[in-house]
Protein chains: 2
Amino acid sequence: MSGHGPEGLAFSKGHGTENDFVLLPDPDGALDLSPALVRAICDRRAGIGADGVLRVVRVAAAGPEVAGMAGQAEWFMDYRNADGSLAQMCGNGARVFAHYLAERGWVQPGGAGLPLATRGGVRRVRWEPDDQLTVDLGAFELPEVPGLRVRVGERSWAASAALLPNPHAVVLVPESDLDVDLSVAPLVTPTETYPDGVNVEFVVRTGPSAVRMRVHERGVGETRSCGTGACAAALVARRAGPTDPPEDRTGGRAGGRADDPLRSQPATTTVDVPGGRLHVTETIDGRVELTGPAEIVGSGVLSPAWTRRHR
Amino acid sequence: MSGHGPEGLAFSKGHGTENDFVLLPDPDGALDLSPALVRAICDRRAGIGADGVLRVVRVAAAGPEVAGMAGQAEWFMDYRNADGSLAQMCGNGARVFAHYLAERGWVQPGGAGLPLATRGGVRRVRWEPDDQLTVDLGAFELPEVPGLRVRVGERSWAASAALLPNPHAVVLVPESDLDVDLSVAPLVTPTETYPDGVNVEFVVRTGPSAVRMRVHERGVGETRSCGTGACAAALVARRAGPTDPPEDRTGGRAGGRADDPLRSQPATTTVDVPGGRLHVTETIDGRVELTGPAEIVGSGVLSPAWTRRHR
């Protein structure tokens, strides 16, 4: 079935830690998904409303963009941002995508997990107990950026850089600083470090392997959850050591170099974001895995008249 | 059909000038709609997302709350705010509600219009050309409130009061003042005038019978549209006369008294809100009617597992 006959375009709405998506089932690649329709669907008042759209299409039907992954994955997560632009990958979205495929019976959960084709390469998702899913986000980098700081109003903090591969500036703050005003983008200096902007995480250590965070996503604003931001927070917090609060150690922590001694031990950090709880695991071979929930809220059909107006 | 068997709770999402609603078809009154479920449905990230819920139930099945309207209306618009509380009436919601009933074939559009039972009394909706609907909002009042002013930051304006019957403070401003910051509630003085808060409209005259406005709704913030706010804006602008811009005439306009000479002529004002275009008509018998679009975006079923978690 194509999900978009004359009876209307099928959709589901789902979320992972309140990072929300409209899923469009299009297994046979018959849907011509225009940026205008993506924007209309993601409009929170005149449409369904979401952070992005996940078109669910078989790799074999998805065209040249992902044809090279045909031997490695059956399904392509065609992720679009709410503004209609193409996106590479999204950790929260990959869990929702895999959960949706399993709910529909299009894949069998379990086994070695499900490889998904994404614009950022093939990513594997596996099912965990208690309705959790884990997505392998691959390698990361923790580059040294001398003098990196984040400023909000009169307050500023030393920051650590992380690439997942999207850029993050992580500040470890005492509990009392987590009330920072994120209605405007924090200033990250040196300003030439991130000409295309950077995601900023404010992280409080809440236990030996637990943090709580807020995140400002570049071009978006404060969000309820950011999968790669949670990973960045966990990686940086782990390297800052178990001191609580971390105070001034962020400037001098070990980087993500191959000789990083922390890479010899797998370790999981609990990361509480405003939208829920995530778990971040650093593997001994230098990858990072994100574990969390995924939920389908509802499923239906877009009104044909509405859809015609927005194609 | 009850719309909430084991297969999941049926829903539609619709909007009128971007004031959006989740409609729950419940013709036989079998749905126990808890405030918690309303809040979950209206959550824009963890639910479907809307300004409110419209339960669609027959008056005969709706219980004692509206039993007294049984002879006057077949359908009860059971409107709930996004916070789960009961609401009386909503002009944008009434159009969406009637449009939904007609789309489902539960009522026939046309004729003398459709009477709807609401917590604010029976309200009549009629169908117009070009996919517009008109809802009769009934009587209004334009009380004199000496010295009424609205302040935002360093700017302040003389204001006019309107009751639809919810309270509004309307300021007629020059075009250059419509950029006012509405991220926080405007200060309305004398502060004791509205102990429960007041909706504030900033209105620019754009023609002899046309205005453009922004609105700050009490307890909500700036919204894309407010039906009674559009009515308040039109009523006040009409009494301020055709001068463009109106400057200082807001303090001395005629009130809504029975001897108001403007009541001898029916008149329609075009009101542009951020979410679209409305038309407000003042009738010769002292009622106000709101005309505008209504749209159903999509329809479907809430996931049973999700619904169970939020009941």
# chains A, B, ... in the order shown; residues from 1 in each chain; ligands from 1
>>> closest_atom_pairs(of="chain B", to="chain A", cutoff="12 Å", atoms="only C-alpha atoms", output="Markdown table")
| residue | atom | partner | partner_atom | distance |
| --- | --- | --- | --- | --- |
| B:Glu7 | CA | A:Gly298 | CA | 11.3 |
| B:Gly8 | CA | A:Gly298 | CA | 8.8 |
| B:Leu9 | CA | A:Gly298 | CA | 9.0 |
| B:Ala10 | CA | A:Gly300 | CA | 9.1 |
| B:Phe11 | CA | A:Gly300 | CA | 8.7 |
| B:Ser12 | CA | A:Gly300 | CA | 8.7 |
| B:Lys13 | CA | A:Ile48 | CA | 7.2 |
| B:Gly14 | CA | A:Ala46 | CA | 7.8 |
| B:His15 | CA | A:Ala46 | CA | 6.3 |
| B:Gly16 | CA | A:Ala46 | CA | 8.4 |
| B:Thr17 | CA | A:Ala46 | CA | 7.9 |
| B:Glu18 | CA | A:Arg45 | CA | 5.1 |
| B:Asn19 | CA | A:Arg45 | CA | 6.6 |
| B:Asp20 | CA | A:Arg45 | CA | 5.5 |
| B:Phe21 | CA | A:Arg45 | CA | 8.6 |
| B:Val22 | CA | A:Ile48 | CA | 10.1 |
| B:Ala40 | CA | A:Val297 | CA | 9.9 |
| B:Ile41 | CA | A:Val297 | CA | 8.8 |
| B:Cys42 | CA | A:Arg44 | CA | 10.9 |
| B:Asp43 | CA | A:Glu18 | CA | 9.6 |
| B:Arg44 | CA | A:Gly49 | CA | 7.2 |
| B:Arg45 | CA | A:Glu18 | CA | 5.1 |
| B:Ala46 | CA | A:Glu18 | CA | 5.2 |
| B:Gly47 | CA | A:Val297 | CA | 6.1 |
| B:Ile48 | CA | A:Val297 | CA | 7.1 |
| B:Gly49 | CA | A:Gly49 | CA | 7.2 |
| B:Ala50 | CA | A:Arg45 | CA | 7.0 |
| B:Asp51 | CA | A:Arg45 | CA | 8.4 |
| B:Gly52 | CA | A:Arg45 | CA | 11.3 |
| B:Tyr100 | CA | A:Ser303 | CA | 11.7 |
| B:Glu103 | CA | A:Ser303 | CA | 10.7 |
| B:Asp131 | CA | A:Ala305 | CA | 11.7 |
| B:Ser183 | CA | A:Ser183 | CA | 10.6 |
| B:Thr223 | CA | A:Arg45 | CA | 10.2 |
| B:Arg224 | CA | A:Arg45 | CA | 8.6 |
| B:Ser225 | CA | A:Arg45 | CA | 10.5 |
| B:Pro274 | CA | A:Arg45 | CA | 11.6 |
| B:Gly275 | CA | A:Ala46 | CA | 8.4 |
| B:Gly276 | CA | A:Ala46 | CA | 10.4 |
| B:Pro293 | CA | A:Ala46 | CA | 11.8 |
| B:Ala294 | CA | A:Ala46 | CA | 10.5 |
| B:Glu295 | CA | A:Trp306 | CA | 7.5 |
| B:Ile296 | CA | A:Ser303 | CA | 6.6 |
| B:Val297 | CA | A:Ser303 | CA | 5.5 |
| B:Gly298 | CA | A:Leu302 | CA | 4.0 |
| B:Ser299 | CA | A:Gly300 | CA | 5.3 |
| B:Gly300 | CA | A:Gly300 | CA | 3.5 |
| B:Val301 | CA | A:Gly298 | CA | 5.5 |
| B:Leu302 | CA | A:Gly298 | CA | 4.0 |
| B:Ser303 | CA | A:Gly298 | CA | 4.8 |
| B:Pro304 | CA | A:Gly298 | CA | 8.5 |
| B:Ala305 | CA | A:Val297 | CA | 8.5 |
| B:Trp306 | CA | A:Val297 | CA | 5.8 |
| B:Thr307 | CA | A:Val297 | CA | 8.0 |
| B:Arg308 | CA | A:Val297 | CA | 11.1 |
| B:Arg309 | CA | A:Val297 | CA | 10.7 |
| B:His310 | CA | A:Val297 | CA | 10.8 |
>>> select_by_dssp(residues="region 9-229 of chain B", states="alpha helix (DSSP H)", output="PyMOL selection string")
chain B and resi 35-42+91-104+227-229
>>> residues_around(residues="Met213 (chain B)", least_positions_apart="3", cutoff="9 Å", atoms="only C-alpha atoms", output="list in words")
Leu178, Glu201, Phe202, Val203, Val204, Arg205, Ala230, Ala233, Val271, Asp272, Val273 and Pro274 of chain B
>>> select_by_dssp(residues="region 54-186 of chain B", states="strand (DSSP E or B)", output="number ranges by chain")
B: 54-58, 75-81, 86, 114-118, 121-128, 132-139, 141, 149-152, 155-158, 160-163, 167-172
>>> residues_around(residues="region 88-94 of chain B", least_positions_apart="4", cutoff="6 Å", atoms="only C-alpha atoms", output="CSV table (one decimal) with N, CA, C and O atoms, in the first residue's frame")
chain,number,residue,atom,x,y,z
B,16,GLY,N,-9.2,27.2,12.9
B,16,GLY,CA,-9.9,28.4,12.2
B,16,GLY,C,-9.0,29.6,12.5
B,16,GLY,O,-8.7,29.9,13.6
B,119,ARG,N,-21.5,26.0,26.7
B,119,ARG,CA,-21.7,26.3,28.1
B,119,ARG,C,-22.0,27.8,28.3
B,119,ARG,O,-22.5,28.3,29.3
B,120,GLY,N,-21.9,28.6,27.2
B,120,GLY,CA,-22.3,30.0,27.2
B,120,GLY,C,-23.7,30.2,26.6
B,120,GLY,O,-24.0,31.3,26.3
B,227,GLY,N,-11.2,35.0,18.4
B,227,GLY,CA,-12.4,35.4,17.8
B,227,GLY,C,-13.1,36.5,18.5
B,227,GLY,O,-13.5,37.5,17.9
